[in-house]
>>> print(open('structure.cif').read())   # mmCIF, N, CA and C atoms
data_run
#
loop_
_atom_site.label_atom_id
_atom_site.label_comp_id
_atom_site.auth_asym_id
_atom_site.auth_seq_id
_atom_site.Cartn_x
_atom_site.Cartn_y
_atom_site.Cartn_z
N MET A 109 -17.41 -8.76 -25.42
CA MET A 109 -16.47 -8.89 -24.33
C MET A 109 -17.19 -8.61 -23.01
N GLN A 110 -16.88 -9.40 -22.01
CA GLN A 110 -17.51 -9.24 -20.70
C GLN A 110 -17.11 -7.91 -20.06
N GLU A 111 -18.07 -7.26 -19.43
CA GLU A 111 -17.80 -5.99 -18.76
C GLU A 111 -16.87 -6.23 -17.58
N GLN A 112 -15.84 -5.39 -17.46
CA GLN A 112 -14.89 -5.55 -16.38
C GLN A 112 -15.44 -5.00 -15.07
N ASN A 113 -14.99 -5.63 -13.98
CA ASN A 113 -15.25 -5.13 -12.64
C ASN A 113 -14.09 -5.58 -11.76
N PHE A 114 -14.20 -5.32 -10.46
CA PHE A 114 -13.10 -5.66 -9.56
C PHE A 114 -12.80 -7.16 -9.56
N LYS A 115 -13.83 -7.97 -9.68
CA LYS A 115 -13.65 -9.43 -9.58
C LYS A 115 -13.04 -10.05 -10.83
N ASN A 116 -13.20 -9.43 -11.99
CA ASN A 116 -12.72 -10.08 -13.21
C ASN A 116 -11.74 -9.24 -14.03
N HIS A 117 -11.13 -8.21 -13.44
CA HIS A 117 -10.28 -7.32 -14.23
C HIS A 117 -8.88 -7.86 -14.49
N VAL A 118 -8.46 -8.88 -13.76
CA VAL A 118 -7.13 -9.45 -13.97
C VAL A 118 -7.12 -10.20 -15.30
N ARG A 119 -6.10 -9.94 -16.08
CA ARG A 119 -6.03 -10.56 -17.41
C ARG A 119 -4.94 -11.62 -17.41
N LEU A 120 -5.34 -12.82 -17.76
CA LEU A 120 -4.38 -13.91 -17.90
C LEU A 120 -4.45 -14.43 -19.34
N VAL A 121 -3.31 -14.71 -19.89
CA VAL A 121 -3.23 -15.29 -21.23
C VAL A 121 -2.82 -16.75 -21.03
N PRO A 122 -3.76 -17.69 -21.13
CA PRO A 122 -3.46 -19.09 -20.79
C PRO A 122 -2.24 -19.66 -21.51
N TRP A 123 -2.08 -19.37 -22.79
CA TRP A 123 -0.92 -19.92 -23.51
C TRP A 123 0.38 -19.39 -22.93
N PHE A 124 0.40 -18.21 -22.40
CA PHE A 124 1.62 -17.66 -21.81
C PHE A 124 1.73 -18.02 -20.33
N HIS A 125 0.72 -17.67 -19.55
CA HIS A 125 0.80 -17.82 -18.11
C HIS A 125 0.78 -19.27 -17.64
N TYR A 126 0.08 -20.13 -18.32
CA TYR A 126 -0.03 -21.52 -17.88
C TYR A 126 0.82 -22.46 -18.71
N PHE A 127 0.62 -22.48 -20.02
CA PHE A 127 1.29 -23.45 -20.87
C PHE A 127 2.79 -23.20 -20.94
N THR A 128 3.20 -21.99 -21.32
CA THR A 128 4.62 -21.70 -21.50
C THR A 128 5.38 -21.82 -20.18
N PHE A 129 4.84 -21.23 -19.13
CA PHE A 129 5.53 -21.32 -17.84
C PHE A 129 5.59 -22.76 -17.34
N SER A 130 4.57 -23.56 -17.60
CA SER A 130 4.59 -24.97 -17.19
C SER A 130 5.68 -25.73 -17.94
N LEU A 131 5.79 -25.49 -19.24
CA LEU A 131 6.84 -26.16 -20.02
C LEU A 131 8.23 -25.80 -19.51
N VAL A 132 8.43 -24.54 -19.23
CA VAL A 132 9.74 -24.10 -18.74
C VAL A 132 10.00 -24.66 -17.34
N ALA A 133 8.97 -24.73 -16.52
CA ALA A 133 9.13 -25.31 -15.18
C ALA A 133 9.48 -26.79 -15.27
N VAL A 134 8.85 -27.51 -16.19
CA VAL A 134 9.17 -28.94 -16.39
C VAL A 134 10.62 -29.08 -16.87
N ALA A 135 11.03 -28.24 -17.79
CA ALA A 135 12.42 -28.28 -18.28
C ALA A 135 13.40 -27.99 -17.14
N PHE A 136 13.05 -27.02 -16.30
CA PHE A 136 13.91 -26.68 -15.17
C PHE A 136 14.00 -27.86 -14.20
N GLY A 137 12.86 -28.43 -13.84
CA GLY A 137 12.85 -29.59 -12.93
C GLY A 137 13.59 -30.77 -13.52
N GLY A 138 13.37 -31.03 -14.81
CA GLY A 138 14.07 -32.14 -15.46
C GLY A 138 15.57 -31.94 -15.50
N SER A 139 15.99 -30.71 -15.69
CA SER A 139 17.44 -30.45 -15.73
C SER A 139 18.07 -30.65 -14.35
N ILE A 140 17.33 -30.31 -13.29
CA ILE A 140 17.85 -30.54 -11.94
C ILE A 140 17.95 -32.04 -11.67
N VAL A 141 16.90 -32.79 -12.05
CA VAL A 141 16.92 -34.25 -11.87
C VAL A 141 18.09 -34.85 -12.63
N LYS A 142 18.30 -34.45 -13.86
CA LYS A 142 19.40 -34.97 -14.68
C LYS A 142 20.74 -34.66 -14.05
N LEU A 143 20.89 -33.45 -13.53
CA LEU A 143 22.15 -33.07 -12.90
C LEU A 143 22.40 -33.90 -11.64
N VAL A 144 21.40 -34.06 -10.81
CA VAL A 144 21.54 -34.84 -9.57
C VAL A 144 21.86 -36.29 -9.88
N ARG A 145 21.14 -36.89 -10.83
CA ARG A 145 21.39 -38.30 -11.19
C ARG A 145 22.79 -38.48 -11.79
N SER A 146 23.21 -37.56 -12.59
CA SER A 146 24.56 -37.65 -13.18
C SER A 146 25.61 -37.54 -12.09
N TYR A 147 25.37 -36.68 -11.13
CA TYR A 147 26.32 -36.51 -10.03
C TYR A 147 26.36 -37.76 -9.16
N GLN A 148 25.18 -38.33 -8.86
CA GLN A 148 25.10 -39.51 -8.00
C GLN A 148 25.74 -40.74 -8.63
N THR A 149 25.64 -40.87 -9.92
CA THR A 149 26.22 -42.04 -10.59
C THR A 149 27.73 -41.89 -10.75
N GLY A 150 28.23 -40.71 -10.52
CA GLY A 150 29.67 -40.49 -10.59
C GLY A 150 30.23 -40.45 -11.99
N LEU A 151 29.35 -40.31 -12.94
CA LEU A 151 29.84 -40.24 -14.31
C LEU A 151 30.56 -38.92 -14.54
N THR A 152 31.41 -38.92 -15.50
CA THR A 152 32.17 -37.71 -15.77
C THR A 152 31.39 -36.73 -16.64
N GLY A 153 30.24 -37.15 -17.12
CA GLY A 153 29.47 -36.30 -18.04
C GLY A 153 28.55 -35.33 -17.34
N LEU A 154 29.08 -34.39 -16.59
CA LEU A 154 28.25 -33.38 -15.92
C LEU A 154 28.06 -32.13 -16.77
N LEU A 155 28.80 -32.02 -17.85
CA LEU A 155 28.73 -30.81 -18.66
C LEU A 155 27.34 -30.61 -19.27
N VAL A 156 26.77 -31.63 -19.86
CA VAL A 156 25.45 -31.50 -20.50
C VAL A 156 24.37 -31.16 -19.47
N PRO A 157 24.29 -31.86 -18.32
CA PRO A 157 23.28 -31.46 -17.33
C PRO A 157 23.46 -30.03 -16.81
N ILE A 158 24.69 -29.60 -16.66
CA ILE A 158 24.94 -28.22 -16.20
C ILE A 158 24.48 -27.23 -17.27
N ILE A 159 24.75 -27.54 -18.52
CA ILE A 159 24.31 -26.67 -19.61
C ILE A 159 22.78 -26.64 -19.67
N LEU A 160 22.13 -27.79 -19.53
CA LEU A 160 20.67 -27.85 -19.52
C LEU A 160 20.09 -27.01 -18.39
N LEU A 161 20.68 -27.12 -17.21
CA LEU A 161 20.21 -26.33 -16.06
C LEU A 161 20.40 -24.83 -16.33
N ALA A 162 21.56 -24.46 -16.85
CA ALA A 162 21.82 -23.05 -17.14
C ALA A 162 20.83 -22.52 -18.19
N LEU A 163 20.55 -23.30 -19.21
CA LEU A 163 19.60 -22.87 -20.24
C LEU A 163 18.19 -22.75 -19.68
N SER A 164 17.78 -23.68 -18.83
CA SER A 164 16.43 -23.60 -18.28
C SER A 164 16.29 -22.42 -17.31
N VAL A 165 17.35 -22.14 -16.55
CA VAL A 165 17.33 -20.96 -15.68
C VAL A 165 17.27 -19.69 -16.51
N ALA A 166 18.06 -19.65 -17.59
CA ALA A 166 18.05 -18.47 -18.48
C ALA A 166 16.67 -18.30 -19.12
N LEU A 167 16.04 -19.40 -19.50
CA LEU A 167 14.71 -19.32 -20.10
C LEU A 167 13.67 -18.82 -19.09
N LEU A 168 13.74 -19.34 -17.86
CA LEU A 168 12.84 -18.85 -16.80
C LEU A 168 13.02 -17.36 -16.56
N MET A 169 14.27 -16.95 -16.45
CA MET A 169 14.56 -15.53 -16.23
C MET A 169 14.11 -14.69 -17.42
N GLY A 170 14.32 -15.19 -18.63
CA GLY A 170 13.90 -14.47 -19.82
C GLY A 170 12.39 -14.26 -19.85
N LEU A 171 11.62 -15.31 -19.55
CA LEU A 171 10.17 -15.16 -19.50
C LEU A 171 9.74 -14.18 -18.42
N PHE A 172 10.35 -14.30 -17.25
CA PHE A 172 10.01 -13.42 -16.14
C PHE A 172 10.28 -11.96 -16.48
N PHE A 173 11.48 -11.69 -17.00
CA PHE A 173 11.84 -10.31 -17.30
C PHE A 173 11.09 -9.76 -18.51
N ALA A 174 10.77 -10.61 -19.48
CA ALA A 174 9.98 -10.14 -20.62
C ALA A 174 8.63 -9.63 -20.12
N ARG A 175 8.02 -10.37 -19.22
CA ARG A 175 6.73 -9.97 -18.66
C ARG A 175 6.89 -8.71 -17.79
N LEU A 176 7.91 -8.69 -16.96
CA LEU A 176 8.15 -7.55 -16.07
C LEU A 176 8.38 -6.26 -16.87
N PHE A 177 9.21 -6.34 -17.91
CA PHE A 177 9.52 -5.15 -18.70
C PHE A 177 8.28 -4.65 -19.44
N ALA A 178 7.47 -5.58 -19.96
CA ALA A 178 6.24 -5.17 -20.65
C ALA A 178 5.29 -4.48 -19.68
N LEU A 179 5.15 -5.01 -18.48
CA LEU A 179 4.26 -4.39 -17.48
C LEU A 179 4.77 -3.02 -17.05
N LYS A 180 6.09 -2.87 -16.90
CA LYS A 180 6.66 -1.57 -16.53
C LYS A 180 6.40 -0.53 -17.61
N ALA A 181 6.54 -0.94 -18.87
CA ALA A 181 6.27 0.00 -19.97
C ALA A 181 4.79 0.39 -19.99
N GLN A 182 3.92 -0.58 -19.75
CA GLN A 182 2.49 -0.28 -19.71
C GLN A 182 2.17 0.63 -18.52
N ASP A 183 2.81 0.39 -17.39
CA ASP A 183 2.58 1.24 -16.22
C ASP A 183 2.98 2.69 -16.49
N ARG A 184 4.09 2.88 -17.19
CA ARG A 184 4.51 4.25 -17.54
C ARG A 184 3.51 4.92 -18.46
N ALA A 185 3.01 4.17 -19.42
CA ALA A 185 2.01 4.71 -20.35
C ALA A 185 0.73 5.06 -19.61
N ILE A 186 0.30 4.18 -18.71
CA ILE A 186 -0.91 4.42 -17.92
C ILE A 186 -0.74 5.66 -17.05
N ARG A 187 0.43 5.80 -16.43
CA ARG A 187 0.68 6.98 -15.59
C ARG A 187 0.56 8.25 -16.42
N ALA A 188 1.14 8.25 -17.61
CA ALA A 188 1.06 9.43 -18.49
C ALA A 188 -0.39 9.70 -18.91
N GLU A 189 -1.13 8.64 -19.25
CA GLU A 189 -2.53 8.80 -19.66
C GLU A 189 -3.37 9.37 -18.52
N GLU A 190 -3.19 8.83 -17.34
CA GLU A 190 -4.00 9.28 -16.20
C GLU A 190 -3.60 10.67 -15.75
N ASN A 191 -2.32 11.01 -15.90
CA ASN A 191 -1.88 12.37 -15.59
C ASN A 191 -2.53 13.36 -16.55
N LEU A 192 -2.58 13.00 -17.83
CA LEU A 192 -3.25 13.85 -18.82
C LEU A 192 -4.75 13.94 -18.52
N ARG A 193 -5.34 12.83 -18.18
CA ARG A 193 -6.77 12.81 -17.84
C ARG A 193 -7.05 13.74 -16.66
N HIS A 194 -6.22 13.66 -15.63
CA HIS A 194 -6.39 14.51 -14.46
C HIS A 194 -6.19 15.98 -14.82
N PHE A 195 -5.18 16.25 -15.66
CA PHE A 195 -4.92 17.62 -16.08
C PHE A 195 -6.08 18.18 -16.89
N ALA A 196 -6.65 17.36 -17.75
CA ALA A 196 -7.79 17.81 -18.57
C ALA A 196 -9.00 18.11 -17.71
N MET A 197 -9.15 17.40 -16.61
CA MET A 197 -10.32 17.59 -15.75
C MET A 197 -10.13 18.70 -14.72
N THR A 198 -8.88 18.93 -14.28
CA THR A 198 -8.66 19.87 -13.18
C THR A 198 -7.72 21.02 -13.52
N GLY A 199 -6.95 20.87 -14.58
CA GLY A 199 -5.94 21.88 -14.89
C GLY A 199 -4.66 21.69 -14.10
N LYS A 200 -4.58 20.59 -13.33
CA LYS A 200 -3.38 20.29 -12.53
C LYS A 200 -2.96 18.85 -12.80
N LEU A 201 -1.67 18.61 -12.62
CA LEU A 201 -1.17 17.24 -12.73
C LEU A 201 -1.57 16.45 -11.49
N LEU A 202 -1.45 15.13 -11.57
CA LEU A 202 -1.75 14.28 -10.42
C LEU A 202 -0.85 14.65 -9.25
N ASP A 203 -1.32 14.40 -8.05
CA ASP A 203 -0.54 14.64 -6.84
C ASP A 203 0.76 13.84 -6.91
N SER A 204 1.86 14.48 -6.63
CA SER A 204 3.17 13.81 -6.72
C SER A 204 3.35 12.72 -5.67
N ARG A 205 2.49 12.69 -4.66
CA ARG A 205 2.57 11.63 -3.65
C ARG A 205 2.06 10.29 -4.17
N LEU A 206 1.30 10.33 -5.26
CA LEU A 206 0.76 9.08 -5.81
C LEU A 206 1.87 8.26 -6.45
N LYS A 207 1.96 7.02 -6.06
CA LYS A 207 2.92 6.09 -6.65
C LYS A 207 2.33 5.52 -7.93
N THR A 208 3.17 4.99 -8.78
CA THR A 208 2.71 4.45 -10.06
C THR A 208 1.68 3.35 -9.86
N TYR A 209 1.89 2.47 -8.89
CA TYR A 209 0.93 1.39 -8.67
C TYR A 209 -0.44 1.92 -8.24
N GLN A 210 -0.48 3.08 -7.59
CA GLN A 210 -1.76 3.69 -7.23
C GLN A 210 -2.44 4.27 -8.47
N VAL A 211 -1.66 4.91 -9.32
CA VAL A 211 -2.21 5.50 -10.55
C VAL A 211 -2.73 4.40 -11.46
N VAL A 212 -2.02 3.28 -11.52
CA VAL A 212 -2.46 2.15 -12.33
C VAL A 212 -3.82 1.65 -11.82
N ALA A 213 -4.02 1.64 -10.53
CA ALA A 213 -5.31 1.23 -9.97
C ALA A 213 -6.39 2.27 -10.25
N LEU A 214 -6.02 3.55 -10.25
CA LEU A 214 -6.98 4.62 -10.48
C LEU A 214 -7.54 4.64 -11.90
N ARG A 215 -6.87 3.98 -12.84
CA ARG A 215 -7.33 4.02 -14.23
C ARG A 215 -8.71 3.40 -14.40
N PHE A 216 -9.14 2.60 -13.43
CA PHE A 216 -10.45 1.96 -13.52
C PHE A 216 -11.59 2.87 -13.04
N ALA A 217 -11.24 4.00 -12.43
CA ALA A 217 -12.27 4.91 -11.91
C ALA A 217 -12.92 5.70 -13.04
N SER A 218 -14.23 5.84 -12.96
CA SER A 218 -14.95 6.64 -13.95
C SER A 218 -14.55 8.11 -13.79
N ASP A 219 -14.85 8.90 -14.81
CA ASP A 219 -14.52 10.33 -14.75
C ASP A 219 -15.20 11.02 -13.57
N GLU A 220 -16.40 10.58 -13.23
CA GLU A 220 -17.15 11.21 -12.14
C GLU A 220 -16.44 11.08 -10.79
N GLU A 221 -15.73 9.99 -10.57
CA GLU A 221 -15.10 9.77 -9.26
C GLU A 221 -13.58 9.82 -9.30
N PHE A 222 -13.00 9.99 -10.47
CA PHE A 222 -11.55 9.92 -10.62
C PHE A 222 -10.81 10.97 -9.79
N VAL A 223 -11.19 12.21 -9.91
CA VAL A 223 -10.46 13.30 -9.24
C VAL A 223 -10.54 13.15 -7.72
N ALA A 224 -11.73 12.90 -7.20
CA ALA A 224 -11.89 12.76 -5.74
C ALA A 224 -11.15 11.53 -5.23
N LEU A 225 -11.21 10.44 -5.98
CA LEU A 225 -10.53 9.21 -5.54
C LEU A 225 -9.02 9.37 -5.62
N ALA A 226 -8.53 10.10 -6.60
CA ALA A 226 -7.09 10.37 -6.70
C ALA A 226 -6.62 11.18 -5.50
N ALA A 227 -7.39 12.17 -5.12
CA ALA A 227 -7.03 12.98 -3.95
C ALA A 227 -7.06 12.13 -2.67
N LYS A 228 -8.08 11.30 -2.54
CA LYS A 228 -8.19 10.43 -1.36
C LYS A 228 -7.04 9.42 -1.32
N ALA A 229 -6.71 8.86 -2.48
CA ALA A 229 -5.62 7.88 -2.54
C ALA A 229 -4.30 8.51 -2.13
N ALA A 230 -4.06 9.74 -2.56
CA ALA A 230 -2.83 10.44 -2.19
C ALA A 230 -2.82 10.79 -0.71
N ALA A 231 -3.93 11.29 -0.21
CA ALA A 231 -4.00 11.71 1.20
C ALA A 231 -3.89 10.54 2.16
N GLU A 232 -4.53 9.43 1.81
CA GLU A 232 -4.56 8.27 2.72
C GLU A 232 -3.56 7.19 2.35
N ASN A 233 -2.76 7.42 1.31
CA ASN A 233 -1.78 6.45 0.83
C ASN A 233 -2.44 5.07 0.66
N MET A 234 -3.52 5.06 -0.10
CA MET A 234 -4.30 3.84 -0.28
C MET A 234 -3.54 2.81 -1.12
N ALA A 235 -3.73 1.54 -0.79
CA ALA A 235 -3.17 0.44 -1.56
C ALA A 235 -3.99 0.26 -2.84
N PRO A 236 -3.41 -0.32 -3.88
CA PRO A 236 -4.15 -0.51 -5.13
C PRO A 236 -5.46 -1.28 -4.93
N LYS A 237 -5.45 -2.29 -4.12
CA LYS A 237 -6.68 -3.06 -3.88
C LYS A 237 -7.74 -2.19 -3.23
N GLU A 238 -7.33 -1.34 -2.29
CA GLU A 238 -8.28 -0.42 -1.64
C GLU A 238 -8.87 0.57 -2.64
N ILE A 239 -8.02 1.06 -3.53
CA ILE A 239 -8.48 2.01 -4.56
C ILE A 239 -9.51 1.34 -5.45
N LYS A 240 -9.18 0.14 -5.91
CA LYS A 240 -10.10 -0.58 -6.81
C LYS A 240 -11.41 -0.90 -6.11
N MET A 241 -11.35 -1.25 -4.84
CA MET A 241 -12.58 -1.58 -4.11
C MET A 241 -13.43 -0.34 -3.85
N ALA A 242 -12.79 0.84 -3.81
CA ALA A 242 -13.52 2.08 -3.57
C ALA A 242 -14.23 2.60 -4.81
N ILE A 243 -13.91 2.06 -5.96
CA ILE A 243 -14.52 2.53 -7.21
C ILE A 243 -15.97 2.08 -7.27
N GLN A 244 -16.85 3.04 -7.49
CA GLN A 244 -18.28 2.75 -7.57
C GLN A 244 -18.71 2.43 -8.99
N LYS A 245 -18.17 3.21 -9.94
CA LYS A 245 -18.53 3.01 -11.35
C LYS A 245 -17.25 2.63 -12.10
N TRP A 246 -17.11 1.36 -12.41
CA TRP A 246 -15.90 0.80 -12.99
C TRP A 246 -15.77 1.17 -14.46
N LYS A 247 -14.55 1.61 -14.84
CA LYS A 247 -14.22 1.89 -16.24
C LYS A 247 -13.19 0.85 -16.67
N GLY A 248 -13.62 -0.06 -17.54
CA GLY A 248 -12.75 -1.17 -17.94
C GLY A 248 -11.53 -0.73 -18.72
N ASP A 249 -10.46 -1.49 -18.57
CA ASP A 249 -9.24 -1.32 -19.37
C ASP A 249 -9.11 -2.60 -20.19
N TYR A 250 -9.54 -2.54 -21.44
CA TYR A 250 -9.57 -3.73 -22.28
C TYR A 250 -8.33 -3.85 -23.18
N HIS A 251 -7.37 -2.95 -23.00
CA HIS A 251 -6.21 -2.92 -23.88
C HIS A 251 -4.95 -3.48 -23.22
N ARG A 252 -4.92 -3.57 -21.92
CA ARG A 252 -3.71 -4.06 -21.25
C ARG A 252 -3.58 -5.56 -21.45
N VAL A 253 -2.35 -5.97 -21.66
CA VAL A 253 -2.07 -7.39 -21.89
C VAL A 253 -1.43 -7.96 -20.64
#
>>> encode(input="structure.cif", output="structure tokens")
Amino acid sequence: MQEQNFKNHVRLVPWFHYFTFSLVAVAFGGSIVKLVRSYQTGLTGLLVPIILLALSVALLMGLFFARLFALKAQDRAIRAEENLRHFAMTGKLLDSRLKTYQVVALRFASDEEFVALAAKAAAENMAPKEIKMAIQKWKGDYHRV
């Protein structure tokens, strides 16, 4: 597996991010076209196009929320792991000013720079991108999906 760094740490699953979302987007677009054409022709059969549109919207929302919920669960686990890591190194929990998105970015910091970078991130309210760019020795996260 390729060593992670700032430039390549984003994980995309092509079958999910590209193929599945593309299929659902095509279904959504097709259902809108079908609804508009049915409306323009004045036919009384609007029920099927409306149902198709509702199903494609539900499918889009389902995919979106499935991904969102999985990421939120992973973020909570990462926060707990990094809090434990910080406690093991310092005897104190992470600074309460750190937001979850900052802690998620801090997980890439090596043990040598983790504590100092966590303190700096809390003091300066650093954005995740700034935190990741400040990391000198990258620690890959090969388990996140």
>>> atom_distance(input="structure.cif", atom1="atom N of Arg205 in chain A", atom2="CA of Ile186 in chain A")
16.0 Å
>>> residues_near_point(input="structure.cif", point="(-16.9, 10.4, -9.9)", cutoff="12 Å", atoms="only C-alpha atoms", output="PyMOL selection string")
chain A and resi 197+214+216-227+242-247
>>> atom_distance(input="structure.cif", atom1="CA of Gly138 in chain A", atom2="CA of Leu154 in chain A")
14.2 Å
>>> select_by_dssp(input="structure.cif", residues="chain A", states="helix (DSSP H, G or I)", output="ChimeraX atom specification")
/A:122-149,155-198,208-214,219-232,236-242
>>> closest_residue(input="structure.cif", among="A:Ala196, A:Pro157, A:Thr208, A:Tyr126", to="Ala181 in chain A", atoms="only C-alpha atoms")
A:Thr208
>>> resolve_selection(input="structure.cif", expression="the PyMOL selection byres (((chain A and resi 168 and name CA) around 12) and name CA)", output="JSON, numbers by chain")
{"A": [128, 129, 130, 131, 132, 133, 134, 135, 136, 137, 161, 162, 163, 164, 165, 166, 167, 169, 170, 171, 172, 173, 174, 175]}
>>> resolve_selection(input="structure.cif", expression="the PyMOL selection byres ((chain A and resi 209) around 8)", output="list in words")
Asp183, Leu206, Lys207, Thr208, Gln210, Val211, Val212, Ala213, Leu214, Met234, Ala235, Pro236 and Lys237 of chain A
>>> atom_distance(input="structure.cif", atom1="CA of Arg187 in chain A", atom2="CA of Ala231 in chain A")
18.1 Å
>>> axis_aligned_box(input="structure.cif", around="range 146-149 of chain A", padding_each_side="8 Å", output="JSON")
{"center_x": 25.5, "center_y": -39.3, "center_z": -10.6, "size_x": 20.5, "size_y": 21.5, "size_z": 21.2}
>>> closest_residue(input="structure.cif", among="A:Leu160, A:Asp249, A:Gly153, A:Leu179", to="Arg215 in chain A", atoms="all atoms listed in the file")
A:Asp249
